[in-house]
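*Asks:* Dumping the structure here so I can ask a few things about it.
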Amino acid sequence: TTVGAYGGEIKFEQTMRDDTFMKQGEKFHSYMRESKGMGMDQENKLWQWNETWGKQFSEEKTLVLPEFVKLSTRKNVMDMQGVRMIVSGILQRCMLHMTNRQAALIAESIFNRQGAVPGIMRAVMVPNQTVFTKWSDLELQLNGQHFAFRDLTDSIVLEHEKQVAMNGGLMNLFCEEWLMAPGGVWNPANYGLEQMHIDDPYKGMEKV
């Protein structure tokens with residue numbers, strides 16, 4: 001046999017063949033042989049091989065030299081913080097002037113599997129003891145003018161820029177690893193509006 005688990009050279013062909021008379025990728029047809037259950041799975045929206053084409057093995061009793069199948073013990077992975085620093089260095093060498101935070105976000109958009117980047121949509125301070133767990137709940141209160149508030153978005157964004165520049169590329173705001181490290185503030189409980197150079201509009205009052 002030329003197909004199946006021991007069908008000769010191991011090669012994963014595309015799950016459907018192109019139409020003979022149309023451009024590549026415009027129209028597909030099932031293979032003439034053993035094509036049941038292979039192609040586009042409409043329910044799960046993915047391309048798939050069937051058991052015959054997708055499950056392939058070498059010939060039985062094939063001998064392979066150990067050096068070709070030995071698992072590597074090298075740590076050949078890199079965390080996102082390392083990627084951010086490399087991307088930042090490349091951008092600087094290319095004379096593309098931007099902040100450390102902007103460079104980190106570019107790295108996130110390229111190397112993050114989801115392509116998602118962190119950001120601050122809005123930051124406000126309200127004289128209230130209630131802790132809002134959802135932005136929608138707070139927004140209803142703000143839109144309803146149920147109490148006064150102070151918009152601190154610009155100040156918090158600048159603080160985020162400063163912290164990313166000082167903490168070695170960590171994206172978390174008020175990152176505990178930085179606050180407790182040499183060069184940080186040592187005591188996170190003492191890091192407040194004064195350290196961020198933000199005027200307190202509600203001195204002596206409970207606020208969130």
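Each chain in the structure tokens gets a letter, A, B and so on, in the order shown; residues start at 1 in every chain, and ligands are counted from 1 in the order they appear.
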Distance table requested - segment 89-152 of chain A against segment 75-79 of chain A, cut-off 12 Å, only C-alpha atoms: one row per qualifying residue with the closest atom pair and its distance in Å to one decimal, ordered by chain and rising residue number, as a Markdown table.
*Replies:*
| residue | atom | partner | partner_atom | distance |
| --- | --- | --- | --- | --- |
| A:Ala107 | CA | A:Asp79 | CA | 11.5 |
| A:Glu108 | CA | A:Asp79 | CA | 11.2 |
| A:Phe111 | CA | A:Asp79 | CA | 10.2 |
| A:Asn112 | CA | A:Asp79 | CA | 10.5 |
*Asks:* From a DSSP calculation on the backbone, collect every residue of segment 3-206 of chain A in helix (DSSP H, G or I) and output the set as JSON, numbers by chain.
*Replies:* {"A": [51, 52, 53, 54, 66, 67, 68, 80, 81, 82, 83, 84, 85, 86, 87, 88, 89, 90, 91, 92, 93, 100, 101, 102, 103, 104, 105, 106, 107, 108, 109, 110, 111, 135, 136, 137, 138, 139, 140, 141, 142, 143, 153, 154, 155, 156, 157, 158, 159, 160, 161, 162, 163, 164, 165, 166, 176, 177, 178, 179, 188, 189, 190]}
*Asks:* Nearest to Asn50 of chain A: which of A:Pro201, A:Gly37, A:Gly115, A:Gly168 is it, counting only C-alpha atoms?
*Replies:* A:Gly37
*Asks:* Which residue, A:Thr62, A:Ser88, A:Gln195, A:Gln81, has the smallest gap to Glu159 of chain A when you use only C-alpha atoms?
*Replies:*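 Selected residue with least distance to Glu159 of chain A: A:Gln195.
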*Asks:* Give the answer as one residue: which of A:Gly39, A:Val64, A:Met205, A:Gly82 has the shortest atom-to-atom distance to Asp18 of chain A, using only C-alpha atoms?
*Replies:*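 The closest residue to Asp18 of chain A is A:Gly39.
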*Asks:* Residues near Asp19 of chain A, anyone? I mean within 7 Å using only C-alpha atoms, not counting same-chain ones fewer than 3 positions away, as a PyMOL selection string.
*Replies:* chain A and resi 22+27-29
*Asks:* Smallest atom-to-atom distance to Asp199 of chain A: which of A:Ile86, A:Met40, A:Val131, A:Leu152, using only C-alpha atoms?
*Replies:*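 Selected residue with least distance to Asp199 of chain A: A:Leu152.
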*Asks:* Rank nothing, just name the residue among A:Phe174, A:Glu67, A:Val124, A:Ser58 nearest to Asp151 of chain A, using only C-alpha atoms.
*Replies:*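 The closest residue to Asp151 of chain A is A:Val124.
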